[in-house]
Structure formats: structure tokens, C-alpha cells
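A.B. asks: Once you've had a glance at the structure underneath, I'll fire off some questions.
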Amino acid sequence: MSTAQKTIEDLALFGGRPAFEQPLHVGRPNTGDREKFSNRVNDILDRRWLTNDGPYVIEFEECIAELTGVKHCVATCNATVALEIAIRALGLAGEVIVPSFTFIATAHALQWLGVTPVFCDIDPETHTVDPRDLARLITPQTTGILAVNLWGRQCDINALESIARDHGLKLLFDSAHAFGCSYQGRMVGGFGDAEVFSFHATKFVNSLEGGAITTNNDELAKKLRLMRNFGFSSYDQVDSLGINAKMSEVSAAMGLTNLESLDDFIVTNRQNHRQYAEELAGLNGITLISYDQNEHCNYQYVVLEIDAAQTIVSRDELIRVLYSENVLARRYFYPGCHRSAPYASGLVLPETERICDRVLSLPTGTSVSPADITTICEIIRTVVTNGREVSAKFRSETAKSV
Ligand SMILES: Cc1ncc(COP(=O)(O)O)c(C=O)c1O
């Protein structure tokens with residue numbers, strides 16, 4: 001149940017009733033057919049084959065390989081460990097160039113293995129790595145590029161492939177956001193040396209927790225499979241260093257069930273995105289990031305850029321208003337990896353920092369209804385069209401609390 005917030009007095013932060021009784025989360029999981037999932041779980045229990053290359057994991061890998069048009073898919077327990085084994089299997093060492101504007105796991109995966117993440121800036125239009133800034137950072141210690149297909153919008157992959165080729169660097173993609181998306185008509189998954197997907201609960205296709213590495217390189221796939229399972233090549237033969245990165249059968253069962261609803265999830269995400277675009281149209285200072293209609297897109301993120309010079313209300317003030325209405329909008333990926341404690345060194349990345357201060361992500365997915373979106377947009381409209389007044393209220397509140 002939601003209520004309309006048409007004037008600033010209606011806003012919960014200023015005395016009104018919250019628009020939503022229950023919190024609306026960003027990334028509330030999509031769940032496919034419950035009966036099919038239960039049947040698969042019963043199967044798993046009947047077979048008593050819970051993990052270690054079980055039939056559902058193999059089927060999940062085959063589905064991902066087919067959907068992405070890639071030769072090999074190695075399913076894992078999550079994308080962070082997938083990144084780690086891919087980094088190790090590719091022999092990355094020394095320095096690897098990575099955007100700072102990404103989820104912290106991208107940088108952690110490198111640092112965890114003793115590889116130095118060298119942070120590069122982003123293209124303010126796409127929010128993905130700026131190939132020119134990246135090229136400037138290459139040193140004799142650089143062994144690779146870890147690029148991120150953020151929001152499911154692809155990097156300038158042609159430029160990155162050419163830089164990697166010219167400098168003899170490995171090219172790995174963190175495509176945690178980009179499952180089901182394409183670049184110049186080809187599905188994401190087969191670019192660079194390898195790509196990593198996340199099937200975490202918040203991703204539009206989830207396997208509870210889960211990840212996958214895709215590659216067309218036979219040798220690399222073999223290494224990844226060994227590393228995923230402690231280096232075991234047979235029952236009691238250990239051929240290489242390895243870790244436990246295996247996906248469980250229940251995760252694969254969830255993943256397979258959700259893959260059967262993939263098209264429906266995308267249709268819902270696309271409709272939600274279109275509705276947000278229509279209902280926020282014409283609001284000065286609010287830009288909804290768009291997706292290329294000529295590509296396959298999963299539309300799993302509804303991301304706004306707030307230009308506070310026009311809205312007067314800052315991004316953080318808008319988030320406070322939304323929170324008090326039970327709309328748990330999130331600022332992604334603030335403050336940027338390069339300003340997070342393990343990496344903070346005083347480095348300045350102007351575009352990353354500007355975007356970190358401007359973006360917020362709104363609820364979407366199958367648990368958000370058209371009426372919810374209308375209410376969320378109404379709140380944003382009320383705040384932005386009364387920007388000066390709302391901002392003054394925030395200022396007087398701050399003055400009172402000092
Ligand atoms: C860009 C990016 N990379 C990596 C990850 C890590 O994925 P996982 O949670 O599956 O380890 C995430 C997760 O949200 C992500 O957004």
C-alpha cells in the first residue's frame with residue numbers, strides 16, 4: 001500500500017506518513033517458478049549429490065555457455081572467488097589496471113592475491129573505464145586489465161582489446177552486471193581472455209549465491225576447473241594449487257529455475273525502466289541512465305544522475321527523503337574504491353568522484369509494481385520541483401542540531 005506525496009508537507013521526513021508501509025529494496029531478488037525449484041531440490045535430496053560437479057551444476061554451465069555463445073563456463077560459489085581464480089589462472093601479478101568506479105570486490109580480488117590494483121578514471125558518459133586514462137597508467141609492472149561492464153553497459157571493448165594486444169596484457173572482464181547483454185551484437189561472455197558473471201541474490205538472475213567464468217580458451221578453462229576444486233585432477237591427484245570455489249547443486253537448481261524466467265525478468269525490468277523514464281521526464285537536473293536499444297540489455301539497474309546545481313537538493317538529501325518514505329535508494333559505488341580505506345592514497349580521479357557524488361539507484365525488478373514506480377517518481381518530483389524549500393528545510397534542521 002502506498003500513499004501519494006504531493007506537497008513537501010506530505011513527505012515523511014517533514015511530518016507526513018511514509019509512502020510505503022514496507023521497505024522497497026534495490027535488488028530485491030527475482031525468483032522463478034517455485035514448484036520447479038522445489039522439484040529440483042527434491043531431486044538433489046533424493047540423489048544425495050549436493051555438490052562437486054553435480055548434474056545441475058553441469059546443466060547450469062551448459063546453459064550459460066549456450067546463452068553467451070562461449071565454449072566454456074566454469075560455475076563458482078560467487079563472482080568474487082571467480083575473479084580470484086581467473087586472476088590467478090591468467091598469471092596476473094605486479095599491477096593490474098582497474099576502474100575505481102565499481103563494487104569493491106573487483107579491487108579486493110586483486111589485492112587479496114597480492115596484485116596491486118591501479119585505479120583508472122571512467123568515461124562520464126558510460127561510467128566504464130576510460131581507455132585513454134587506462135593507457136596512460138601502463139608501466140613495465142602492468143600485467144593486465146580488469147575492466148568492468150558496469151550497469152550492464154559495456155566498456156569500449158574494441159579499444160581495450162587493442163590496448164591489451166599492443167602491450168601484451170591479459171584482459172579480464174568483470175561482467176557481474178552484464179549477464180544477458182551484448183556488445184556490437186555479440187553476447188557478453190566471450191570477450192578478452194575471460195569474463196566473470198555474478199549470480200548473487202541481488203542480480204537479476206540469481207543462484208542464491210553464485211558466479212561463473214566464461215572463456216573460449218581451452219587451456220585456461222582446464223586450469224580454472226582444477227583451481228575451483230583444490231587442484232584435484234582426479235580422485236586423489238592434485239595437479240595444481242587450488243581453492244574451494246565450487247557451486248552447490250541447490251545454487252545451480254535456483255540458477256536453472258531463474259534462467260527459465262530470464263526473458264520475463266528482462267521484460268519486467270525494461271517496462272520498469274521505461275516507466276521511470278516517462279514519469280521522470282522533464283525534471284531538471286535528473287537524468288536516468290539509458291541503455292542502447294540496439295543491443296541486448298538486462299535493464300537491471302535504474303540509475304539516476306543528480307545535478308545538484310539544478311535540483312538544489314543534493315543526491316544525499318534526496319536519498320534521505322526516499323529512505324524516510326521506505327524507498328531504500330542506494331548510492332553506488334560511493335566513495336569509489338580509490339577512496340575506500342584499504343586503497344586510500346590521496347589519488348584524485350575527477351570523473352569517478354563526480355559520478356560517485358551524483359548517482360543513486362532505485363528499486364526495480366519483479367517485486368516492484370507500476371503503482372510503486374508512480375509513487376517513487378511522485379516523491380522525486382515533489383522534492384525536485386520544491387528543491388529550494390526542501391533544501392532550506394534540511395539547512396534549518398542542520399542549524400538546529402549544531
Ligand atoms: C561489479 C561487481 N563485481 C563483483 C561482484 C561480486 O559478486 P559476488 O557477490 O557474486 O561475489 C559484484 C557484486 O555485487 C559486482 O557488482
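Going by the C-alpha cells order, chains are called A, B, ..., each with residues numbered from 1, while ligands are numbered from 1 in the order shown.
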Would you write out, as JSON lines, a table of all residues in chain A that have an atom no more than 10 Å from an atom of ligand 1, listing for each the closest atom pair and the distance in Å to one decimal, considering only C-alpha atoms and all ligand atoms and ordering rows by chain and rising residue number?

C.D. replies:
```
{"residue": "A:Gly27", "atom": "CA", "partner": "ligand 1", "partner_atom_place_in_ligand_line": "14 (O)", "distance": 9.9}
{"residue": "A:Thr76", "atom": "CA", "partner": "ligand 1", "partner_atom_place_in_ligand_line": "10 (O)", "distance": 8.9}
{"residue": "A:Cys77", "atom": "CA", "partner": "ligand 1", "partner_atom_place_in_ligand_line": "10 (O)", "distance": 7.6}
{"residue": "A:Asn78", "atom": "CA", "partner": "ligand 1", "partner_atom_place_in_ligand_line": "10 (O)", "distance": 4.0}
{"residue": "A:Ala79", "atom": "CA", "partner": "ligand 1", "partner_atom_place_in_ligand_line": "10 (O)", "distance": 3.7}
{"residue": "A:Thr80", "atom": "CA", "partner": "ligand 1", "partner_atom_place_in_ligand_line": "11 (O)", "distance": 3.8}
{"residue": "A:Val81", "atom": "CA", "partner": "ligand 1", "partner_atom_place_in_ligand_line": "11 (O)", "distance": 6.6}
{"residue": "A:Ala82", "atom": "CA", "partner": "ligand 1", "partner_atom_place_in_ligand_line": "11 (O)", "distance": 7.8}
{"residue": "A:Leu83", "atom": "CA", "partner": "ligand 1", "partner_atom_place_in_ligand_line": "4 (C)", "distance": 7.8}
{"residue": "A:Phe101", "atom": "CA", "partner": "ligand 1", "partner_atom_place_in_ligand_line": "1 (C)", "distance": 9.0}
{"residue": "A:Thr102", "atom": "CA", "partner": "ligand 1", "partner_atom_place_in_ligand_line": "1 (C)", "distance": 5.4}
{"residue": "A:Phe103", "atom": "CA", "partner": "ligand 1", "partner_atom_place_in_ligand_line": "1 (C)", "distance": 4.8}
{"residue": "A:Ile104", "atom": "CA", "partner": "ligand 1", "partner_atom_place_in_ligand_line": "3 (N)", "distance": 7.3}
{"residue": "A:Ala105", "atom": "CA", "partner": "ligand 1", "partner_atom_place_in_ligand_line": "4 (C)", "distance": 5.0}
{"residue": "A:Thr106", "atom": "CA", "partner": "ligand 1", "partner_atom_place_in_ligand_line": "3 (N)", "distance": 5.2}
{"residue": "A:Ala107", "atom": "CA", "partner": "ligand 1", "partner_atom_place_in_ligand_line": "3 (N)", "distance": 8.8}
{"residue": "A:His108", "atom": "CA", "partner": "ligand 1", "partner_atom_place_in_ligand_line": "4 (C)", "distance": 9.4}
{"residue": "A:Ala109", "atom": "CA", "partner": "ligand 1", "partner_atom_place_in_ligand_line": "4 (C)", "distance": 8.8}
{"residue": "A:Ala147", "atom": "CA", "partner": "ligand 1", "partner_atom_place_in_ligand_line": "1 (C)", "distance": 9.6}
{"residue": "A:Val148", "atom": "CA", "partner": "ligand 1", "partner_atom_place_in_ligand_line": "1 (C)", "distance": 6.4}
{"residue": "A:Asn149", "atom": "CA", "partner": "ligand 1", "partner_atom_place_in_ligand_line": "1 (C)", "distance": 7.5}
{"residue": "A:Leu150", "atom": "CA", "partner": "ligand 1", "partner_atom_place_in_ligand_line": "1 (C)", "distance": 6.4}
{"residue": "A:Trp151", "atom": "CA", "partner": "ligand 1", "partner_atom_place_in_ligand_line": "1 (C)", "distance": 8.2}
{"residue": "A:Gly152", "atom": "CA", "partner": "ligand 1", "partner_atom_place_in_ligand_line": "1 (C)", "distance": 9.5}
{"residue": "A:Phe173", "atom": "CA", "partner": "ligand 1", "partner_atom_place_in_ligand_line": "3 (N)", "distance": 9.5}
{"residue": "A:Asp174", "atom": "CA", "partner": "ligand 1", "partner_atom_place_in_ligand_line": "3 (N)", "distance": 5.8}
{"residue": "A:Ser175", "atom": "CA", "partner": "ligand 1", "partner_atom_place_in_ligand_line": "1 (C)", "distance": 6.8}
{"residue": "A:Ala176", "atom": "CA", "partner": "ligand 1", "partner_atom_place_in_ligand_line": "2 (C)", "distance": 4.9}
{"residue": "A:His177", "atom": "CA", "partner": "ligand 1", "partner_atom_place_in_ligand_line": "1 (C)", "distance": 6.1}
{"residue": "A:Ala178", "atom": "CA", "partner": "ligand 1", "partner_atom_place_in_ligand_line": "1 (C)", "distance": 9.1}
{"residue": "A:Val196", "atom": "CA", "partner": "ligand 1", "partner_atom_place_in_ligand_line": "4 (C)", "distance": 8.2}
{"residue": "A:Phe197", "atom": "CA", "partner": "ligand 1", "partner_atom_place_in_ligand_line": "10 (O)", "distance": 7.5}
{"residue": "A:Ser198", "atom": "CA", "partner": "ligand 1", "partner_atom_place_in_ligand_line": "10 (O)", "distance": 4.2}
{"residue": "A:Phe199", "atom": "CA", "partner": "ligand 1", "partner_atom_place_in_ligand_line": "10 (O)", "distance": 5.7}
{"residue": "A:His200", "atom": "CA", "partner": "ligand 1", "partner_atom_place_in_ligand_line": "10 (O)", "distance": 4.6}
{"residue": "A:Ala201", "atom": "CA", "partner": "ligand 1", "partner_atom_place_in_ligand_line": "9 (O)", "distance": 8.1}
{"residue": "A:Thr202", "atom": "CA", "partner": "ligand 1", "partner_atom_place_in_ligand_line": "14 (O)", "distance": 7.2}
{"residue": "A:Lys203", "atom": "CA", "partner": "ligand 1", "partner_atom_place_in_ligand_line": "14 (O)", "distance": 7.3}
{"residue": "A:Asn206", "atom": "CA", "partner": "ligand 1", "partner_atom_place_in_ligand_line": "10 (O)", "distance": 9.2}
{"residue": "A:Ser207", "atom": "CA", "partner": "ligand 1", "partner_atom_place_in_ligand_line": "10 (O)", "distance": 9.5}
{"residue": "A:Leu208", "atom": "CA", "partner": "ligand 1", "partner_atom_place_in_ligand_line": "10 (O)", "distance": 9.4}
{"residue": "A:Glu209", "atom": "CA", "partner": "ligand 1", "partner_atom_place_in_ligand_line": "10 (O)", "distance": 6.2}
{"residue": "A:Gly210", "atom": "CA", "partner": "ligand 1", "partner_atom_place_in_ligand_line": "10 (O)", "distance": 5.5}
{"residue": "A:Gly211", "atom": "CA", "partner": "ligand 1", "partner_atom_place_in_ligand_line": "10 (O)", "distance": 5.4}
{"residue": "A:Ala212", "atom": "CA", "partner": "ligand 1", "partner_atom_place_in_ligand_line": "10 (O)", "distance": 8.8}
{"residue": "A:Tyr332", "atom": "CA", "partner": "ligand 1", "partner_atom_place_in_ligand_line": "16 (O)", "distance": 9.5}
{"residue": "A:Phe333", "atom": "CA", "partner": "ligand 1", "partner_atom_place_in_ligand_line": "16 (O)", "distance": 9.2}
```

A.B. asks: Save out the residues we just selected, C-alpha atoms, as a CSV table (one decimal), in the first residue's frame.

C.D. replies:
```
chain,number,residue,atom,x,y,z
A,27,GLY,CA,18.0,-5.6,-5.8
A,76,THR,CA,31.6,-21.0,-8.9
A,77,CYS,CA,30.3,-20.2,-5.5
A,78,ASN,CA,30.3,-16.4,-6.1
A,79,ALA,CA,31.8,-13.9,-8.5
A,80,THR,CA,34.5,-12.6,-6.1
A,81,VAL,CA,36.2,-16.0,-5.9
A,82,ALA,CA,35.6,-16.5,-9.6
A,83,LEU,CA,37.6,-13.2,-10.2
A,101,PHE,CA,34.0,3.1,-10.0
A,102,THR,CA,33.0,-0.5,-9.3
A,103,PHE,CA,31.9,-2.7,-6.5
A,104,ILE,CA,34.8,-3.1,-4.0
A,105,ALA,CA,35.0,-6.9,-4.8
A,106,THR,CA,36.7,-6.1,-8.2
A,107,ALA,CA,39.6,-4.4,-6.4
A,108,HIS,CA,39.7,-6.8,-3.5
A,109,ALA,CA,40.0,-9.8,-5.7
A,147,ALA,CA,37.6,-3.9,-16.9
A,148,VAL,CA,34.0,-3.7,-15.6
A,149,ASN,CA,30.9,-3.8,-17.7
A,150,LEU,CA,29.1,-1.6,-15.3
A,151,TRP,CA,25.3,-1.4,-15.1
A,152,GLY,CA,25.3,-3.9,-18.0
A,173,PHE,CA,36.1,-8.5,-17.7
A,174,ASP,CA,34.1,-8.2,-14.5
A,175,SER,CA,30.7,-8.7,-16.1
A,176,ALA,CA,28.9,-9.2,-12.8
A,177,HIS,CA,26.2,-6.8,-14.1
A,178,ALA,CA,26.2,-7.8,-17.7
A,196,VAL,CA,33.1,-13.2,-14.8
A,197,PHE,CA,29.4,-13.1,-14.0
A,198,SER,CA,27.7,-12.9,-10.7
A,199,PHE,CA,24.5,-14.7,-9.8
A,200,HIS,CA,24.3,-13.1,-6.3
A,201,ALA,CA,20.8,-12.8,-4.9
A,202,THR,CA,20.6,-9.1,-5.9
A,203,LYS,CA,21.5,-9.8,-9.6
A,206,ASN,CA,20.4,-15.3,-9.2
A,207,SER,CA,21.5,-18.7,-8.0
A,208,LEU,CA,21.2,-17.6,-4.3
A,209,GLU,CA,24.9,-17.0,-4.3
A,210,GLY,CA,26.9,-17.9,-7.4
A,211,GLY,CA,29.2,-16.9,-10.2
A,212,ALA,CA,30.7,-18.1,-13.4
A,332,TYR,CA,26.6,3.2,-5.9
A,333,PHE,CA,29.7,2.9,-5.6
```

A.B. asks: Would you mind listing what lies within 7 Å of A:Leu172 as a short mmCIF file (atom, residue, chain, number, x, y, z; two decimals) with N, CA and C atoms, in the first residue's frame, with only C-alpha atoms counted and same-chain residues fewer than 3 positions away left out?

C.D. replies:
```
data_model
loop_
_atom_site.label_atom_id
_atom_site.label_comp_id
_atom_site.auth_asym_id
_atom_site.auth_seq_id
_atom_site.Cartn_x
_atom_site.Cartn_y
_atom_site.Cartn_z
N ILE A 145 44.53 -5.98 -17.54
CA ILE A 145 43.43 -5.01 -17.37
C ILE A 145 42.24 -5.79 -16.83
N LEU A 146 41.65 -5.24 -15.78
CA LEU A 146 40.40 -5.84 -15.27
C LEU A 146 39.31 -4.78 -15.46
N ALA A 147 38.57 -4.91 -16.55
CA ALA A 147 37.57 -3.90 -16.90
C ALA A 147 36.20 -4.35 -16.41
N GLY A 192 37.77 -10.65 -24.42
CA GLY A 192 39.02 -10.71 -23.65
C GLY A 192 39.46 -12.15 -23.44
N ASP A 193 40.27 -12.36 -22.39
CA ASP A 193 40.71 -13.72 -22.09
C ASP A 193 39.63 -14.49 -21.35
N ALA A 194 38.87 -13.79 -20.53
CA ALA A 194 37.79 -14.43 -19.77
C ALA A 194 36.87 -13.35 -19.23
N GLU A 195 35.66 -13.77 -18.87
CA GLU A 195 34.70 -12.85 -18.24
C GLU A 195 34.10 -13.52 -17.01
#
```

A.B. asks: Please tabulate, as a Markdown table, the residues of stretch 72-145 of chain A that come within 12 Å of stretch 156-163 of chain A, each with its closest pair of atoms and the distance in Å to one decimal, counting only C-alpha atoms and ordering rows by chain, then residue number upward.

C.D. replies:
```
| residue | atom | partner | partner_atom | distance |
| --- | --- | --- | --- | --- |
| A:Ile97 | CA | A:Leu160 | CA | 11.3 |
| A:Val98 | CA | A:Leu160 | CA | 11.8 |
| A:Ile122 | CA | A:Asp156 | CA | 11.0 |
| A:Asp123 | CA | A:Asp156 | CA | 9.7 |
| A:Glu125 | CA | A:Asp156 | CA | 11.6 |
| A:Thr126 | CA | A:Asp156 | CA | 9.1 |
| A:His127 | CA | A:Asp156 | CA | 10.9 |
| A:Thr128 | CA | A:Asp156 | CA | 8.0 |
| A:Val129 | CA | A:Asp156 | CA | 7.8 |
| A:Asp130 | CA | A:Asp156 | CA | 8.1 |
| A:Pro131 | CA | A:Leu160 | CA | 6.4 |
| A:Arg132 | CA | A:Ala159 | CA | 9.1 |
| A:Asp133 | CA | A:Leu160 | CA | 11.4 |
| A:Leu134 | CA | A:Leu160 | CA | 8.9 |
| A:Ala135 | CA | A:Ile163 | CA | 7.1 |
| A:Arg136 | CA | A:Ile163 | CA | 10.7 |
| A:Leu137 | CA | A:Ile163 | CA | 11.6 |
| A:Ile138 | CA | A:Ile163 | CA | 9.8 |
| A:Gly144 | CA | A:Ile163 | CA | 10.2 |
| A:Ile145 | CA | A:Leu160 | CA | 8.3 |
```

A.B. asks: Using only C-alpha atoms, pick whichever of A:Glu295, A:Glu35, A:Glu278, A:Glu317 has the shortest atom-to-atom distance to A:Val390.

C.D. replies: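 Of A:Glu295, A:Glu35, A:Glu278, A:Glu317, the one nearest A:Val390, counting only C-alpha atoms, is A:Glu317.
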
A.B. asks: If you measure from atom CA of A:Gly32 to atom CA of A:Thr257, what distance in Å do you get, rounded to one decimal?

C.D. replies: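 Separation of atom CA of A:Gly32 and atom CA of A:Thr257: 5.8 Å.
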
A.B. asks: I'd like the neighbourhood of A:Ile380 as a PyMOL selection string, where a residue qualifies if any of its atoms comes within 12 Å (using only C-alpha atoms), though same-chain residues fewer than 4 positions away should be ignored.

C.D. replies: chain A and resi 4-8+11+19+276+279-281+283-286+304+306+311+313-315+317-323+325+327+329+360+362+373-376+384-387+390

A.B. asks: Identify all residues of stretch 42-247 of chain A in alpha helix (DSSP H) (DSSP on the backbone) and supply them as a PyMOL selection string.

C.D. replies: chain A and resi 42-47+55-68+79-89+104-112+131-136+157-167+218-228

A.B. asks: Just want the 10 Å neighbourhood of A:Arg354, counted on only C-alpha atoms, with same-chain residues fewer than 4 positions away dropped. Output as an mmCIF file with N, CA, C and O atoms, in the first residue's frame.

C.D. replies:
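Result saved to around24.cif:
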```
data_model
loop_
_atom_site.group_PDB
_atom_site.id
_atom_site.type_symbol
_atom_site.label_atom_id
_atom_site.label_comp_id
_atom_site.auth_asym_id
_atom_site.auth_seq_id
_atom_site.Cartn_x
_atom_site.Cartn_y
_atom_site.Cartn_z
ATOM 1 N N PRO A 124 32.680 9.712 -18.342
ATOM 2 C CA PRO A 124 31.484 10.168 -17.630
ATOM 3 C C PRO A 124 30.180 9.816 -18.345
ATOM 4 O O PRO A 124 29.119 9.781 -17.726
ATOM 5 N N PRO A 335 32.504 5.681 -1.836
ATOM 6 C CA PRO A 335 33.119 6.885 -2.416
ATOM 7 C C PRO A 335 34.051 6.570 -3.590
ATOM 8 O O PRO A 335 34.822 7.415 -4.006
ATOM 9 N N LEU A 349 40.630 11.070 -8.861
ATOM 10 C CA LEU A 349 40.076 10.637 -10.154
ATOM 11 C C LEU A 349 38.826 11.488 -10.392
ATOM 12 O O LEU A 349 37.740 11.170 -9.891
ATOM 13 N N PRO A 350 38.982 12.609 -11.112
ATOM 14 C CA PRO A 350 37.903 13.610 -11.160
ATOM 15 C C PRO A 350 36.559 13.069 -11.636
ATOM 16 O O PRO A 350 35.524 13.365 -11.019
ATOM 17 N N ARG A 358 27.024 11.830 -7.635
ATOM 18 C CA ARG A 358 25.781 12.159 -8.355
ATOM 19 C C ARG A 358 24.789 11.011 -8.492
ATOM 20 O O ARG A 358 23.621 11.261 -8.723
ATOM 21 N N VAL A 359 25.281 9.738 -8.419
ATOM 22 C CA VAL A 359 24.349 8.675 -8.801
ATOM 23 C C VAL A 359 23.583 8.091 -7.618
ATOM 24 O O VAL A 359 24.083 8.036 -6.494
#
```

A.B. asks: Which residues come within 6 Å of stretch 42-50 of chain A, counting only C-alpha atoms, excluding same-chain residues fewer than 2 positions away, as a PyMOL selection string?

C.D. replies: chain A and resi 39-40+249

A.B. asks: Go through A:Leu169, A:Leu262, A:Leu90, A:Leu67 one by one, measure the shortest atom-to-atom distance of each to A:Arg186 using only C-alpha atoms, and give the residue with the smallest value.

C.D. replies: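 Looking at the shortest contact to A:Arg186, the residue is A:Leu67.
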
A.B. asks: Could you tell me how far atom CA of A:Cys181 lies from atom CA of A:Thr143, in Å and to one decimal?

C.D. replies: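 So the answer is 27.2 Å.
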
A.B. asks: Name the closest residue to A:Leu288 among the candidates A:Ser324, A:Ser361, A:Val238, A:Glu21; distances are taken between atoms, counting only C-alpha atoms.

C.D. replies: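 Closest residue, counting only C-alpha atoms: A:Ser361.
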
A.B. asks: Could you jot down the atom CA of A:His273 to atom CA of A:Leu13 separation for me, Å, one decimal place?

C.D. replies: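 Going from atom CA of A:His273 over to atom CA of A:Leu13 covers 26.5 Å.
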
A.B. asks: Using DSSP assignments from the backbone, pull out every residue in stretch 6-163 of chain A that falls under strand (DSSP E) and give it to me as a list in words.

C.D. replies: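 The residues of stretch 6-163 of chain A classed as strand (DSSP E) are Leu24, His25, His72, Cys73, Val74, Ala75, Thr76, Glu95, Val96, Ile97, Val98, Pro99, Thr116, Pro117, Val118, Phe119, Cys120, Thr142, Thr143, Gly144, Ile145, Leu146, Ala147 and Val148 of chain A.
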
A.B. asks: Would you mind exporting the chosen residues as a PDB file, in the first residue's frame, restricted to N, CA and C atoms?

C.D. replies:
```pdb
ATOM      1  N   LEU A  24      11.091  -0.844   0.394  1.00  0.00           N
ATOM      2  CA  LEU A  24      11.293  -1.253  -1.003  1.00  0.00           C
ATOM      3  C   LEU A  24      12.798  -1.243  -1.260  1.00  0.00           C
ATOM      4  N   HIS A  25      13.342  -2.438  -1.493  1.00  0.00           N
ATOM      5  CA  HIS A  25      14.795  -2.552  -1.625  1.00  0.00           C
ATOM      6  C   HIS A  25      15.233  -2.457  -3.076  1.00  0.00           C
ATOM      7  N   HIS A  72      33.400 -22.395 -22.958  1.00  0.00           N
ATOM      8  CA  HIS A  72      33.498 -22.950 -21.603  1.00  0.00           C
ATOM      9  C   HIS A  72      32.844 -22.036 -20.576  1.00  0.00           C
ATOM     10  N   CYS A  73      32.133 -22.665 -19.661  1.00  0.00           N
ATOM     11  CA  CYS A  73      31.618 -21.935 -18.494  1.00  0.00           C
ATOM     12  C   CYS A  73      32.004 -22.729 -17.258  1.00  0.00           C
ATOM     13  N   VAL A  74      32.631 -22.063 -16.308  1.00  0.00           N
ATOM     14  CA  VAL A  74      33.018 -22.705 -15.046  1.00  0.00           C
ATOM     15  C   VAL A  74      32.215 -22.022 -13.947  1.00  0.00           C
ATOM     16  N   ALA A  75      31.247 -22.745 -13.384  1.00  0.00           N
ATOM     17  CA  ALA A  75      30.386 -22.154 -12.352  1.00  0.00           C
ATOM     18  C   ALA A  75      31.119 -22.153 -11.012  1.00  0.00           C
ATOM     19  N   THR A  76      30.873 -21.108 -10.234  1.00  0.00           N
ATOM     20  CA  THR A  76      31.575 -20.952  -8.940  1.00  0.00           C
ATOM     21  C   THR A  76      30.585 -20.556  -7.836  1.00  0.00           C
ATOM     22  N   GLU A  95      51.059  -5.214 -11.320  1.00  0.00           N
ATOM     23  CA  GLU A  95      49.971  -4.225 -11.344  1.00  0.00           C
ATOM     24  C   GLU A  95      48.904  -4.612 -12.370  1.00  0.00           C
ATOM     25  N   VAL A  96      47.682  -4.392 -11.992  1.00  0.00           N
ATOM     26  CA  VAL A  96      46.572  -4.582 -12.936  1.00  0.00           C
ATOM     27  C   VAL A  96      45.722  -3.315 -12.902  1.00  0.00           C
ATOM     28  N   ILE A  97      45.372  -2.826 -14.070  1.00  0.00           N
ATOM     29  CA  ILE A  97      44.589  -1.575 -14.128  1.00  0.00           C
ATOM     30  C   ILE A  97      43.102  -1.898 -14.054  1.00  0.00           C
ATOM     31  N   VAL A  98      42.416  -1.153 -13.202  1.00  0.00           N
ATOM     32  CA  VAL A  98      41.014  -1.447 -12.901  1.00  0.00           C
ATOM     33  C   VAL A  98      40.299  -0.109 -12.664  1.00  0.00           C
ATOM     34  N   PRO A  99      39.030  -0.009 -13.043  1.00  0.00           N
ATOM     35  CA  PRO A  99      38.335   1.242 -12.710  1.00  0.00           C
ATOM     36  C   PRO A  99      38.081   1.313 -11.207  1.00  0.00           C
ATOM     37  N   THR A 116      48.609  -5.509  -7.278  1.00  0.00           N
ATOM     38  CA  THR A 116      48.237  -4.116  -6.968  1.00  0.00           C
ATOM     39  C   THR A 116      47.193  -3.592  -7.950  1.00  0.00           C
ATOM     40  N   PRO A 117      46.007  -3.207  -7.434  1.00  0.00           N
ATOM     41  CA  PRO A 117      45.056  -2.568  -8.348  1.00  0.00           C
ATOM     42  C   PRO A 117      45.486  -1.130  -8.629  1.00  0.00           C
ATOM     43  N   VAL A 118      45.632  -0.787  -9.879  1.00  0.00           N
ATOM     44  CA  VAL A 118      45.971   0.595 -10.253  1.00  0.00           C
ATOM     45  C   VAL A 118      44.681   1.198 -10.798  1.00  0.00           C
ATOM     46  N   PHE A 119      44.172   2.200 -10.087  1.00  0.00           N
ATOM     47  CA  PHE A 119      42.832   2.691 -10.403  1.00  0.00           C
ATOM     48  C   PHE A 119      42.839   3.705 -11.533  1.00  0.00           C
ATOM     49  N   CYS A 120      41.959   3.474 -12.496  1.00  0.00           N
ATOM     50  CA  CYS A 120      41.850   4.447 -13.584  1.00  0.00           C
ATOM     51  C   CYS A 120      40.488   5.124 -13.527  1.00  0.00           C
ATOM     52  N   THR A 142      52.826  -3.626 -15.308  1.00  0.00           N
ATOM     53  CA  THR A 142      51.425  -3.956 -15.623  1.00  0.00           C
ATOM     54  C   THR A 142      51.350  -5.307 -16.335  1.00  0.00           C
ATOM     55  N   THR A 143      50.470  -6.176 -15.822  1.00  0.00           N
ATOM     56  CA  THR A 143      50.292  -7.482 -16.480  1.00  0.00           C
ATOM     57  C   THR A 143      48.898  -7.640 -17.086  1.00  0.00           C
ATOM     58  N   GLY A 144      47.984  -6.791 -16.672  1.00  0.00           N
ATOM     59  CA  GLY A 144      46.638  -6.985 -17.207  1.00  0.00           C
ATOM     60  C   GLY A 144      45.701  -5.828 -16.953  1.00  0.00           C
ATOM     61  N   ILE A 145      44.528  -5.977 -17.537  1.00  0.00           N
ATOM     62  CA  ILE A 145      43.427  -5.008 -17.371  1.00  0.00           C
ATOM     63  C   ILE A 145      42.237  -5.789 -16.831  1.00  0.00           C
ATOM     64  N   LEU A 146      41.646  -5.242 -15.783  1.00  0.00           N
ATOM     65  CA  LEU A 146      40.398  -5.840 -15.271  1.00  0.00           C
ATOM     66  C   LEU A 146      39.313  -4.778 -15.463  1.00  0.00           C
ATOM     67  N   ALA A 147      38.571  -4.910 -16.555  1.00  0.00           N
ATOM     68  CA  ALA A 147      37.570  -3.896 -16.902  1.00  0.00           C
ATOM     69  C   ALA A 147      36.196  -4.350 -16.407  1.00  0.00           C
ATOM     70  N   VAL A 148      35.318  -3.381 -16.180  1.00  0.00           N
ATOM     71  CA  VAL A 148      34.007  -3.705 -15.599  1.00  0.00           C
ATOM     72  C   VAL A 148      32.892  -3.235 -16.538  1.00  0.00           C
TER      73      VAL A 148
END
```
